[in-house]
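The structure file run.cif is reproduced below (mmCIF, C-alpha atoms and all ligand atoms).
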data_data
#
loop_
_atom_site.group_PDB
_atom_site.id
_atom_site.type_symbol
_atom_site.label_atom_id
_atom_site.label_comp_id
_atom_site.auth_asym_id
_atom_site.auth_seq_id
_atom_site.Cartn_x
_atom_site.Cartn_y
_atom_site.Cartn_z
ATOM 1 C CA MET A 25 18.387 -13.144 -12.894
ATOM 2 C CA LEU A 26 15.783 -11.859 -10.426
ATOM 3 C CA ARG A 27 12.219 -12.781 -11.228
ATOM 4 C CA LEU A 28 9.236 -10.832 -9.917
ATOM 5 C CA ALA A 29 5.653 -12.122 -9.999
ATOM 6 C CA LEU A 30 2.994 -9.458 -10.631
ATOM 7 C CA GLN A 31 -0.781 -9.586 -10.888
ATOM 8 C CA SER A 32 -1.500 -9.898 -14.628
ATOM 9 C CA LYS A 33 -4.658 -7.811 -14.453
ATOM 10 C CA GLY A 34 -6.747 -6.423 -11.653
ATOM 11 C CA ARG A 35 -6.433 -3.831 -8.957
ATOM 12 C CA LEU A 36 -2.721 -4.181 -8.233
ATOM 13 C CA ASN A 37 -1.438 -4.516 -11.803
ATOM 14 C CA GLU A 38 -1.287 -0.877 -12.811
ATOM 15 C CA GLU A 39 0.183 0.454 -9.589
ATOM 16 C CA SER A 40 2.768 -2.335 -9.463
ATOM 17 C CA LEU A 41 3.949 -1.422 -12.967
ATOM 18 C CA ALA A 42 3.853 2.288 -12.087
ATOM 19 C CA LEU A 43 6.112 1.631 -9.102
ATOM 20 C CA LEU A 44 8.554 -0.333 -11.268
ATOM 21 C CA SER A 45 8.613 2.512 -13.773
ATOM 22 C CA GLU A 46 9.267 5.045 -10.997
ATOM 23 C CA ILE A 47 12.282 3.060 -9.829
ATOM 24 C CA GLY A 48 13.687 2.882 -13.346
ATOM 25 C CA ILE A 49 12.611 -0.660 -14.199
ATOM 26 C CA LYS A 50 11.119 -0.496 -17.672
ATOM 27 C CA ILE A 51 8.785 -3.292 -18.677
ATOM 28 C CA ASP A 52 7.588 -3.351 -22.261
ATOM 29 C CA ASP A 53 3.875 -3.652 -21.653
ATOM 30 C CA SER A 54 2.830 -3.381 -25.301
ATOM 31 C CA LYS A 55 3.668 -6.952 -26.275
ATOM 32 C CA ARG A 56 2.929 -8.440 -22.912
ATOM 33 C CA LYS A 57 3.890 -12.048 -22.531
ATOM 34 C CA PHE A 58 3.625 -14.415 -19.593
ATOM 35 C CA LEU A 59 7.277 -13.669 -18.845
ATOM 36 C CA THR A 60 8.858 -10.341 -19.830
ATOM 37 C CA LYS A 61 12.411 -9.143 -19.337
ATOM 38 C CA SER A 62 13.078 -5.539 -18.344
ATOM 39 C CA SER A 63 15.136 -3.530 -20.804
ATOM 40 C CA SER A 64 16.694 -1.360 -18.091
ATOM 41 C CA PHE A 65 17.301 -3.619 -15.053
ATOM 42 C CA PRO A 66 18.346 -7.266 -14.614
ATOM 43 C CA ILE A 67 14.895 -8.550 -13.731
ATOM 44 C CA GLU A 68 12.098 -10.429 -15.439
ATOM 45 C CA VAL A 69 8.419 -10.124 -14.662
ATOM 46 C CA LEU A 70 6.068 -13.080 -14.455
ATOM 47 C CA TYR A 71 2.365 -12.231 -14.816
ATOM 48 C CA LEU A 72 -0.010 -14.318 -12.707
ATOM 49 C CA ARG A 73 -3.349 -14.269 -10.916
ATOM 50 C CA ASP A 74 -2.807 -12.759 -7.501
ATOM 51 C CA ASP A 75 -4.012 -15.955 -5.775
ATOM 52 C CA ASP A 76 -1.000 -17.838 -7.152
ATOM 53 C CA ILE A 77 1.722 -15.331 -6.252
ATOM 54 C CA PRO A 78 2.460 -16.405 -2.638
ATOM 55 C CA GLN A 79 2.801 -20.030 -3.771
ATOM 56 C CA VAL A 80 5.114 -19.429 -6.738
ATOM 57 C CA VAL A 81 7.349 -17.287 -4.549
ATOM 58 C CA PHE A 82 7.368 -19.935 -1.844
ATOM 59 C CA ALA A 83 8.063 -22.706 -4.381
ATOM 60 C CA GLY A 84 10.880 -20.696 -5.958
ATOM 61 C CA THR A 85 9.517 -20.258 -9.498
ATOM 62 C CA SER A 86 9.852 -16.563 -8.777
ATOM 63 C CA GLN A 87 12.023 -15.142 -5.989
ATOM 64 C CA LEU A 88 9.931 -11.995 -5.604
ATOM 65 C CA GLY A 89 6.296 -11.025 -5.882
ATOM 66 C CA ILE A 90 3.992 -8.058 -5.424
ATOM 67 C CA VAL A 91 0.660 -9.037 -3.912
ATOM 68 C CA GLY A 92 -1.862 -7.944 -1.282
ATOM 69 C CA LEU A 93 -0.906 -8.791 2.291
ATOM 70 C CA ASN A 94 -4.389 -10.355 2.545
ATOM 71 C CA GLU A 95 -3.418 -13.038 0.000
ATOM 72 C CA VAL A 96 -0.126 -13.695 1.794
ATOM 73 C CA GLU A 97 -1.913 -14.137 5.114
ATOM 74 C CA GLU A 98 -4.731 -16.244 3.666
ATOM 75 C CA LYS A 99 -2.539 -18.631 1.692
ATOM 76 C CA GLY A 100 -0.166 -19.124 4.618
ATOM 77 C CA PHE A 101 2.991 -19.916 2.605
ATOM 78 C CA LYS A 102 6.145 -18.998 4.465
ATOM 79 C CA VAL A 103 7.418 -16.045 2.452
ATOM 80 C CA LYS A 104 9.077 -12.923 3.736
ATOM 81 C CA VAL A 105 7.370 -9.536 3.514
ATOM 82 C CA ILE A 106 10.308 -7.429 2.321
ATOM 83 C CA SER A 107 8.590 -4.070 1.949
ATOM 84 C CA LYS A 108 5.146 -2.573 2.389
ATOM 85 C CA LEU A 109 4.417 -0.624 -0.769
ATOM 86 C CA GLY A 110 1.758 1.841 0.327
ATOM 87 C CA PHE A 111 -0.855 1.149 -2.380
ATOM 88 C CA GLY A 112 -3.758 -1.322 -2.717
ATOM 89 C CA GLY A 113 -4.916 -0.445 0.772
ATOM 90 C CA CYS A 114 -8.008 -2.278 1.996
ATOM 91 C CA ARG A 115 -9.260 -4.214 4.996
ATOM 92 C CA ILE A 116 -11.118 -7.455 5.524
ATOM 93 C CA SER A 117 -14.144 -6.905 7.679
ATOM 94 C CA LEU A 118 -17.153 -8.652 9.084
ATOM 95 C CA ALA A 119 -20.429 -7.168 7.884
ATOM 96 C CA ILE A 120 -24.036 -7.948 8.749
ATOM 97 C CA PRO A 121 -27.454 -6.853 7.402
ATOM 98 C CA LYS A 122 -27.938 -3.225 8.376
ATOM 99 C CA GLY A 123 -31.206 -3.839 10.239
ATOM 100 C CA GLU A 124 -29.551 -6.224 12.710
ATOM 101 C CA GLU A 125 -28.694 -5.055 16.198
ATOM 102 C CA TYR A 126 -25.012 -5.681 16.836
ATOM 103 C CA ASP A 127 -23.738 -6.202 20.368
ATOM 104 C CA GLY A 128 -20.165 -7.332 19.725
ATOM 105 C CA PRO A 129 -18.323 -10.297 18.177
ATOM 106 C CA GLN A 130 -20.466 -12.807 20.074
ATOM 107 C CA TRP A 131 -23.262 -11.881 17.644
ATOM 108 C CA PHE A 132 -21.579 -14.292 15.220
ATOM 109 C CA ASN A 133 -22.009 -17.328 17.498
ATOM 110 C CA GLY A 134 -24.040 -19.959 15.685
ATOM 111 C CA LYS A 135 -24.216 -17.844 12.514
ATOM 112 C CA THR A 136 -23.087 -18.637 8.963
ATOM 113 C CA ILE A 137 -20.488 -16.334 7.449
ATOM 114 C CA ALA A 138 -19.715 -16.235 3.720
ATOM 115 C CA THR A 139 -16.160 -15.418 2.695
ATOM 116 C CA SER A 140 -13.290 -15.941 0.251
ATOM 117 C CA TYR A 141 -10.875 -15.689 3.189
ATOM 118 C CA PRO A 142 -11.668 -18.755 5.363
ATOM 119 C CA ASN A 143 -8.225 -19.020 6.956
ATOM 120 C CA ILE A 144 -8.026 -15.420 8.184
ATOM 121 C CA LEU A 145 -11.622 -15.734 9.397
ATOM 122 C CA LYS A 146 -10.946 -19.034 11.202
ATOM 123 C CA LYS A 147 -8.065 -17.435 13.091
ATOM 124 C CA TYR A 148 -10.242 -14.493 14.126
ATOM 125 C CA LEU A 149 -13.111 -16.700 15.264
ATOM 126 C CA LYS A 150 -10.770 -18.905 17.284
ATOM 127 C CA LYS A 151 -9.107 -15.932 18.945
ATOM 128 C CA ASN A 152 -12.488 -14.543 19.946
ATOM 129 C CA ASN A 153 -13.983 -17.876 20.999
ATOM 130 C CA ILE A 154 -16.734 -17.728 18.436
ATOM 131 C CA SER A 155 -18.243 -20.802 16.915
ATOM 132 C CA ALA A 156 -19.662 -20.007 13.484
ATOM 133 C CA ARG A 157 -20.069 -21.856 10.202
ATOM 134 C CA ILE A 158 -17.928 -20.676 7.310
ATOM 135 C CA GLU A 159 -19.352 -20.800 3.797
ATOM 136 C CA VAL A 160 -16.543 -20.389 1.267
ATOM 137 C CA ILE A 161 -17.534 -18.557 -1.898
ATOM 138 C CA THR A 162 -15.343 -16.869 -4.457
ATOM 139 C CA GLY A 163 -16.611 -13.642 -5.950
ATOM 140 C CA SER A 164 -19.679 -11.556 -5.060
ATOM 141 C CA VAL A 165 -19.561 -12.469 -1.389
ATOM 142 C CA GLU A 166 -21.607 -9.361 -0.603
ATOM 143 C CA ILE A 167 -24.796 -10.804 -2.096
ATOM 144 C CA ALA A 168 -24.710 -13.928 0.123
ATOM 145 C CA PRO A 169 -26.962 -12.635 2.956
ATOM 146 C CA ALA A 170 -29.648 -11.347 0.569
ATOM 147 C CA ALA A 171 -29.444 -14.630 -1.362
ATOM 148 C CA GLY A 172 -30.052 -16.572 1.847
ATOM 149 C CA ILE A 173 -26.612 -18.215 1.732
ATOM 150 C CA SER A 174 -25.324 -16.703 4.967
ATOM 151 C CA ASP A 175 -26.172 -14.442 7.914
ATOM 152 C CA ALA A 176 -23.074 -12.314 7.495
ATOM 153 C CA ILE A 177 -20.016 -11.838 5.319
ATOM 154 C CA PHE A 178 -16.300 -11.488 5.823
ATOM 155 C CA ASP A 179 -14.946 -9.604 2.838
ATOM 156 C CA ILE A 180 -12.630 -6.924 1.489
ATOM 157 C CA VAL A 181 -13.746 -3.373 2.126
ATOM 158 C CA SER A 182 -12.096 -0.232 0.884
ATOM 159 C CA SER A 183 -14.625 2.612 0.790
ATOM 160 C CA GLY A 184 -17.563 0.613 2.133
ATOM 161 C CA GLY A 185 -19.791 1.607 -0.808
ATOM 162 C CA THR A 186 -20.371 -1.989 -1.928
ATOM 163 C CA LEU A 187 -21.548 -2.953 1.563
ATOM 164 C CA VAL A 188 -24.019 -0.087 1.754
ATOM 165 C CA SER A 189 -25.459 -0.807 -1.675
ATOM 166 C CA ASN A 190 -26.044 -4.412 -0.571
ATOM 167 C CA GLY A 191 -27.831 -3.396 2.636
ATOM 168 C CA LEU A 192 -24.918 -4.395 4.885
ATOM 169 C CA LYS A 193 -22.976 -2.637 7.645
ATOM 170 C CA GLU A 194 -19.372 -3.176 8.637
ATOM 171 C CA VAL A 195 -19.138 -4.241 12.278
ATOM 172 C CA GLU A 196 -15.589 -5.561 12.786
ATOM 173 C CA ARG A 197 -12.417 -4.554 10.972
ATOM 174 C CA VAL A 198 -10.322 -7.699 11.209
ATOM 175 C CA PHE A 199 -7.339 -7.415 8.879
ATOM 176 C CA GLU A 200 -5.580 -4.372 7.369
ATOM 177 C CA SER A 201 -3.917 -4.949 4.018
ATOM 178 C CA GLU A 202 -1.825 -3.193 1.398
ATOM 179 C CA ALA A 203 0.356 -4.320 -1.495
ATOM 180 C CA VAL A 204 3.647 -5.821 -0.328
ATOM 181 C CA LEU A 205 6.859 -7.026 -1.922
ATOM 182 C CA ILE A 206 7.422 -10.626 -0.867
ATOM 183 C CA GLY A 207 10.467 -12.820 -1.338
ATOM 184 C CA ASN A 208 11.760 -16.302 -0.606
ATOM 185 C CA GLY A 209 15.332 -15.445 0.356
ATOM 186 C CA ASN A 210 16.894 -17.544 -2.452
ATOM 187 C CA PHE A 211 19.200 -15.000 -4.040
ATOM 188 C CA SER A 212 22.622 -15.381 -5.600
ATOM 189 C CA PRO A 213 25.109 -12.679 -4.494
ATOM 190 C CA GLU A 214 24.507 -10.814 -7.747
ATOM 191 C CA GLU A 215 20.718 -11.050 -7.399
ATOM 192 C CA LYS A 216 20.970 -9.880 -3.791
ATOM 193 C CA GLU A 217 22.903 -6.837 -4.947
ATOM 194 C CA ASN A 218 20.224 -6.050 -7.531
ATOM 195 C CA LEU A 219 17.478 -6.581 -4.969
ATOM 196 C CA ASP A 220 19.219 -4.164 -2.580
ATOM 197 C CA GLU A 221 19.418 -1.574 -5.353
ATOM 198 C CA MET A 222 15.703 -2.073 -6.051
ATOM 199 C CA LEU A 223 14.849 -1.693 -2.359
ATOM 200 C CA PHE A 224 16.933 1.443 -2.069
ATOM 201 C CA ARG A 225 14.999 2.948 -4.980
ATOM 202 C CA ILE A 226 11.638 1.813 -3.584
ATOM 203 C CA GLU A 227 12.449 3.430 -0.234
ATOM 204 C CA SER A 228 13.276 6.754 -1.912
ATOM 205 C CA VAL A 229 9.980 6.699 -3.805
ATOM 206 C CA LYS A 230 8.087 5.809 -0.613
ATOM 207 C CA ALA A 231 9.835 8.583 1.312
ATOM 208 C CA SER A 232 8.738 11.166 -1.254
ATOM 209 C CA ARG A 233 5.048 10.191 -1.153
ATOM 210 C CA GLY A 234 2.888 12.872 0.402
ATOM 211 C CA LYS A 235 5.785 15.363 0.446
ATOM 212 C CA GLN A 236 6.064 18.735 -1.268
ATOM 213 C CA TYR A 237 8.961 21.055 -1.833
ATOM 214 C CA ILE A 238 8.287 24.603 -0.743
ATOM 215 C CA LEU A 239 10.377 27.720 -1.388
ATOM 216 C CA MET A 240 9.706 31.335 -0.574
ATOM 217 C CA ASN A 241 11.195 34.756 -0.008
ATOM 218 C CA LEU A 242 11.354 35.656 3.651
ATOM 219 C CA PRO A 243 12.473 38.693 5.662
ATOM 220 C CA GLN A 244 15.762 37.697 7.318
ATOM 221 C CA LYS A 245 14.382 38.630 10.738
ATOM 222 C CA SER A 246 11.715 35.903 10.413
ATOM 223 C CA ILE A 247 14.151 33.012 9.940
ATOM 224 C CA ASP A 248 13.939 31.746 13.533
ATOM 225 C CA LYS A 249 10.162 31.681 13.426
ATOM 226 C CA ALA A 250 10.245 29.931 10.030
ATOM 227 C CA LEU A 251 12.519 27.239 11.460
ATOM 228 C CA GLU A 252 9.875 26.505 14.078
ATOM 229 C CA ILE A 253 7.193 26.188 11.401
ATOM 230 C CA LEU A 254 9.293 24.052 9.023
ATOM 231 C CA PRO A 255 11.176 21.235 10.713
ATOM 232 C CA SER A 256 12.779 19.745 7.594
ATOM 233 C CA MET A 257 14.889 16.617 6.981
ATOM 234 C CA ARG A 258 17.910 18.386 8.482
ATOM 235 C CA SER A 259 16.932 22.031 8.566
ATOM 236 C CA PRO A 260 15.521 24.260 5.854
ATOM 237 C CA THR A 261 17.990 25.707 3.337
ATOM 238 C CA VAL A 262 18.442 29.475 3.662
ATOM 239 C CA LEU A 263 19.991 31.391 0.750
ATOM 240 C CA PRO A 264 20.751 35.126 0.676
ATOM 241 C CA LEU A 265 18.835 37.312 -1.789
ATOM 242 C CA ALA A 266 20.205 40.361 -3.614
ATOM 243 C CA ALA A 267 17.673 42.558 -1.781
ATOM 244 C CA SER A 268 19.101 43.232 1.649
ATOM 245 C CA GLY A 269 17.179 41.957 4.659
ATOM 246 C CA TRP A 270 15.644 39.127 2.592
ATOM 247 C CA CYS A 271 16.488 35.473 2.048
ATOM 248 C CA SER A 272 15.151 32.526 0.095
ATOM 249 C CA LEU A 273 14.063 29.597 2.221
ATOM 250 C CA HIS A 274 13.595 26.021 0.892
ATOM 251 C CA SER A 275 12.097 23.069 2.695
ATOM 252 C CA VAL A 276 10.126 19.817 2.343
ATOM 253 C CA VAL A 277 6.723 19.567 3.986
ATOM 254 C CA ASP A 278 4.010 16.941 4.368
ATOM 255 C CA LYS A 279 1.219 17.558 1.885
ATOM 256 C CA LYS A 280 -1.358 17.191 4.640
ATOM 257 C CA ASP A 281 0.138 20.133 6.580
ATOM 258 C CA LEU A 282 0.786 22.311 3.536
ATOM 259 C CA TRP A 283 -1.980 24.911 3.878
ATOM 260 C CA GLU A 284 -1.480 25.303 7.634
ATOM 261 C CA LYS A 285 2.231 25.921 7.065
ATOM 262 C CA ILE A 286 1.585 28.397 4.262
ATOM 263 C CA LYS A 287 -0.792 30.343 6.476
ATOM 264 C CA ALA A 288 1.800 30.487 9.269
ATOM 265 C CA LEU A 289 4.592 31.464 6.848
ATOM 266 C CA LYS A 290 2.529 34.259 5.305
ATOM 267 C CA ALA A 291 1.870 35.568 8.792
ATOM 268 C CA ILE A 292 5.619 36.026 9.358
ATOM 269 C CA GLY A 293 6.108 37.838 6.043
ATOM 270 C CA ALA A 294 6.819 35.065 3.500
ATOM 271 C CA GLU A 295 6.229 36.097 -0.117
ATOM 272 C CA GLY A 296 6.465 34.495 -3.540
ATOM 273 C CA ILE A 297 5.795 31.028 -2.166
ATOM 274 C CA LEU A 298 6.352 28.190 -4.657
ATOM 275 C CA VAL A 299 5.202 24.630 -4.027
ATOM 276 C CA LEU A 300 6.619 21.791 -6.142
ATOM 277 C CA GLY A 301 6.183 18.031 -6.242
ATOM 278 C CA VAL A 302 8.890 15.709 -4.903
ATOM 279 C CA ASP A 303 9.767 12.673 -7.028
ATOM 280 C CA LYS A 304 12.357 10.893 -4.906
ATOM 281 C CA ILE A 305 13.978 11.467 -1.550
ATOM 282 C CA ILE A 306 17.431 9.934 -1.192
ATOM 283 C CA ALA A 307 18.279 9.793 2.485
HETATM 284 P P1 LIG A 401 -6.977 -12.128 -9.941
HETATM 285 O O1 LIG A 401 -7.660 -12.239 -11.240
HETATM 286 O O2 LIG A 401 -5.529 -11.727 -10.102
HETATM 287 O O3 LIG A 401 -7.159 -13.313 -9.038
HETATM 288 P P2 LIG A 401 -8.707 -10.758 -8.043
HETATM 289 O O4 LIG A 401 -10.042 -10.509 -8.658
HETATM 290 O O5 LIG A 401 -8.535 -11.869 -7.074
HETATM 291 O O6 LIG A 401 -7.635 -10.855 -9.231
HETATM 292 P P3 LIG A 401 -8.507 -7.919 -7.427
HETATM 293 O O7 LIG A 401 -9.945 -7.589 -7.231
HETATM 294 O O8 LIG A 401 -7.821 -7.400 -8.635
HETATM 295 O O9 LIG A 401 -8.214 -9.472 -7.252
HETATM 296 O O10 LIG A 401 -7.741 -7.386 -6.110
HETATM 297 C C1 LIG A 401 -6.386 -7.609 -5.930
HETATM 298 C C2 LIG A 401 -5.993 -7.109 -4.566
HETATM 299 O O11 LIG A 401 -6.230 -5.717 -4.487
HETATM 300 C C3 LIG A 401 -6.742 -7.655 -3.378
HETATM 301 O O12 LIG A 401 -6.275 -8.934 -2.993
HETATM 302 C C4 LIG A 401 -6.460 -6.621 -2.317
HETATM 303 O O13 LIG A 401 -5.178 -6.827 -1.741
HETATM 304 C C5 LIG A 401 -6.381 -5.332 -3.117
HETATM 305 N N1 LIG A 401 -7.567 -4.441 -2.988
HETATM 306 C C6 LIG A 401 -7.534 -3.142 -2.685
HETATM 307 N N2 LIG A 401 -8.765 -2.607 -2.644
HETATM 308 C C7 LIG A 401 -9.617 -3.580 -2.948
HETATM 309 C C8 LIG A 401 -11.036 -3.660 -3.073
HETATM 310 N N3 LIG A 401 -11.818 -2.618 -2.880
HETATM 311 N N4 LIG A 401 -11.565 -4.854 -3.411
HETATM 312 C C9 LIG A 401 -10.787 -5.911 -3.656
HETATM 313 N N5 LIG A 401 -9.435 -5.888 -3.545
HETATM 314 C C10 LIG A 401 -8.846 -4.745 -3.175
HETATM 315 MG MG MG A 402 -7.449 -13.416 -7.069
#
Using the file provided, produce a representation of the structure as C-alpha cells.
Ligand code: ATP
Ligand code: MG
Amino acid sequence: MLRLALQSKGRLNEESLALLSEIGIKIDDSKRKFLTKSSSFPIEVLYLRDDDIPQVVFAGTSQLGIVGLNEVEEKGFKVKVISKLGFGGCRISLAIPKGEEYDGPQWFNGKTIATSYPNILKKYLKKNNISARIEVITGSVEIAPAAGISDAIFDIVSSGGTLVSNGLKEVERVFESEAVLIGNGNFSPEEKENLDEMLFRIESVKASRGKQYILMNLPQKSIDKALEILPSMRSPTVLPLAASGWCSLHSVVDKKDLWEKIKALKAIGAEGILVLGVDKIIA
C-alpha cells in the first residue's frame, strides 16, 4: 500500500490534509496515530517532523511525502519532486541590519551569516564567489544579529514582517519554495496505478485554483464581442433563452481578471451575471 509522509504539526500540516480531503482521501484526524490508514483510498499517512521527510522517502520507509522544497534542497537526498502543490509558499533570503548600506552580494565577504539552511547558503556563496562564515542555528535565526551572533541572516521569509520587527532588511532572495509531493520511485504496479489516480485528482484541484465560473444573460448580437472578452478552456458555452434575441453564456475566468471582465461584459449588455466557485477542473 502507498505510504505518504506528512508534517505532523506546523505550517504544512493543515493544508496537506486539506488537499488530501479535496482529492477524496479521508484521513481520520480525530484519533491521530503515528501511522493512519485512509478509509477511502489505499494509502496510509505517516506523521513526521518536516526535517525527516526527505530522508524517510529516500530510505524507502515511505514512498511519498509532502514537504517544503526548501527542506528537499537543504537535505540533499535524491528524491523526485512529483508535483508542486501551490501552498506553503516562501523564500529563503539574505537579510542584514536595516541601517547597513548594501552594495550587492560582495557585502557578505568576510561576514558571519546565521542560518538553519547551511547547504543552500553554501551553494549560493560558492556560486557568487563570496567567502563568509556560516553559523548554524536552529530556530529564531532572526535575532542573531541583534544578539551579536552574526552580521546577517539567511532565513525563510514569507511576508517579511518578522524581518522588519527585528530591524532587518531583505537584500537577496536566494531560493523560492512551496510545498511539493516527493517520491522515491519504488512503486508496485498497483501502487503506481493509485499514485496516478492521486496525481490526476491533484492536477484537477490545482487547475481549479484561482478560477471562477461565470454565467450571464447576453443579447445575441454581443456574442462575438463576449468571445473576445472570455477566452475559455475551449470556448464559452452559449445557450438559447426563451426571450428572443437573448442567450445565456457560461465560462470560466481567472479570479484575478474577474472584475475587469465583468466591467467589459456589462458594457456589451450582459445582465444577471452569476459568479460561482470552481471545485475541480477535469481536463
Ligand atoms: P517541524 O516541527 O515539522 O520540524 P518546523 O518548525 O521545522 O516544523 P514550520 O515552521 O512548520 O517547520 O514550516 C514548515 C514549512 O513551511 C517550511 O519548511 C517552509 O517550507 C514552509 N513555510 C511557508 N511559510 C513559512 C514561513 N513564513 N516560515 C517558515 N516556514 C514557512
Ligand atoms: Mg522542521
Could you work out an axis-aligned bounding box for all listed atoms of ligand LIG 401 (chain A), with 3 Å added on each of the six sides, and give its centre and edge lengths in Å to one decimal, as lines of an AutoDock Vina configuration file?
center_x = -8.5
center_y = -8.0
center_z = -6.5
size_x = 12.6
size_y = 16.7
size_z = 15.5
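Here atom CA of A:Val80 and atom CA of A:Phe111 stand 21.9 Å from one another.
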request  = Could I get the residue neighbourhood of ligand LIG 401 (chain A) at 7 Å, counting all atoms listed in the file, as a list in words?
outcome  =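 So the residues close to ligand LIG 401 (chain A) are Gln31, Ser32, Lys33, Gly34, Arg35, Leu36, Leu72, Arg73, Asp74, Asp75, Val91, Gly92, Leu93, Asn94, Glu95, Gly112, Gly113, Cys114, Ile180, Val181, Ser182, Ser183, Ser201, Glu202 and Ala203 of chain A.
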key: Output check: residues returned by the PyMOL selection byres (((chain A and resi 169) around 10) and not hetatm), as a ChimeraX atom specification   = /A:119-121,136-138,165-168,170-177,190-192
task = Name the residues that the PyMOL selection byres (((chain A and resi 297) around 8) and not hetatm) picks from the file above, as a ChimeraX atom specification, using the file's chain letters and numbers.
result = /A:238-241,294-296,298-299
query = When distances are computed from all atoms listed in the file, which of A:Leu223, A:Ala42, A:Leu300, A:Val96 shows the smallest separation from ligand MG 402 (chain A)?
reply =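 Ranking A:Leu223, A:Ala42, A:Leu300, A:Val96 by distance to ligand MG 402 (chain A), first place goes to A:Val96.
Interatomic distance, atom CA of A:Ser62 to atom CA of A:Phe101: 27.3 Å.
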task = Can you pull out every residue within 8 Å of A:Ile305, counting all atoms listed in the file, but drop anything in the same chain fewer than 4 positions away, and send it as a PyMOL selection string?
result = chain A and resi 228-229+231-232
task = Rank A:Ser164, A:Ile206, A:Leu219, A:Leu30 by their smallest atom-to-atom distance to A:Leu187, using all atoms listed in the file, and report the top residue only.
result =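 Residue with the minimum atom-to-atom distance to A:Leu187: A:Ser164.
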ask   = Nearest to ligand MG 402 (chain A) among A:Pro66, A:Pro260, A:Gly234, A:Gly163, with distances taken over all atoms listed in the file: which residue is it?
value =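 Comparing A:Pro66, A:Pro260, A:Gly234, A:Gly163 against ligand MG 402 (chain A), the winner is A:Gly163.
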Run through the PyMOL selection byres (((chain A and resi 67) around 10) and not hetatm) on the given coordinates and return the selected residues as a PDB file with C-alpha atoms, in the coordinates of the input.
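Below is the file out.pdb, written as the result:
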ATOM      1  CA  MET A  25      18.387 -13.144 -12.894  1.00  0.00           C
ATOM      2  CA  LEU A  26      15.783 -11.859 -10.426  1.00  0.00           C
ATOM      3  CA  ARG A  27      12.219 -12.781 -11.228  1.00  0.00           C
ATOM      4  CA  LEU A  28       9.236 -10.832  -9.917  1.00  0.00           C
ATOM      5  CA  ILE A  49      12.611  -0.660 -14.199  1.00  0.00           C
ATOM      6  CA  LYS A  50      11.119  -0.496 -17.672  1.00  0.00           C
ATOM      7  CA  ILE A  51       8.785  -3.292 -18.677  1.00  0.00           C
ATOM      8  CA  THR A  60       8.858 -10.341 -19.830  1.00  0.00           C
ATOM      9  CA  LYS A  61      12.411  -9.143 -19.337  1.00  0.00           C
ATOM     10  CA  SER A  62      13.078  -5.539 -18.344  1.00  0.00           C
ATOM     11  CA  SER A  63      15.136  -3.530 -20.804  1.00  0.00           C
ATOM     12  CA  SER A  64      16.694  -1.360 -18.091  1.00  0.00           C
ATOM     13  CA  PHE A  65      17.301  -3.619 -15.053  1.00  0.00           C
ATOM     14  CA  PRO A  66      18.346  -7.266 -14.614  1.00  0.00           C
ATOM     15  CA  GLU A  68      12.098 -10.429 -15.439  1.00  0.00           C
ATOM     16  CA  VAL A  69       8.419 -10.124 -14.662  1.00  0.00           C
ATOM     17  CA  LEU A  70       6.068 -13.080 -14.455  1.00  0.00           C
ATOM     18  CA  GLU A 215      20.718 -11.050  -7.399  1.00  0.00           C
ATOM     19  CA  ASN A 218      20.224  -6.050  -7.531  1.00  0.00           C
ATOM     20  CA  LEU A 219      17.478  -6.581  -4.969  1.00  0.00           C
TER      21      LEU A 219
END
inquiry  = Just to confirm, what's the straight-line distance from atom CA of A:Gln87 to atom CA of A:Ile106 in Å (one decimal)?
reply    =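 Computed distance, atom CA of A:Gln87 to atom CA of A:Ile106, equals 11.5 Å.
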ask   = Which one is closest to A:Glu159: A:Lys280, A:Lys57, A:Lys147, A:Lys135? Count all atoms listed in the file.
value = A:Lys135
ask   = Looking at all atoms listed in the file, which of A:Phe82, A:Glu252, A:Thr162, A:Thr139 is the one that sits closest to ligand MG 402 (chain A)?
value = A:Thr162
task = Select, from A:Leu251, A:Leu273, A:Leu109, A:Val188, the residue with the minimum atom-to-atom distance to A:Lys122, counting only C-alpha atoms.
result =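 Among A:Leu251, A:Leu273, A:Leu109, A:Val188, it is A:Val188 that comes nearest to A:Lys122.
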task = Would you list the residues near (14.8, 27.9, 0.7) (no more than 6 Å away, in the coordinates of the file, using all atoms listed in the file) as a PyMOL selection string?
result = chain A and resi 239+261-262+272-275
key: Spatial neighbours of A:Ser268, 12 Å, all atoms listed in the file, chain gap at least 5 places, as a PyMOL selection string   = chain A and resi 241-245+263
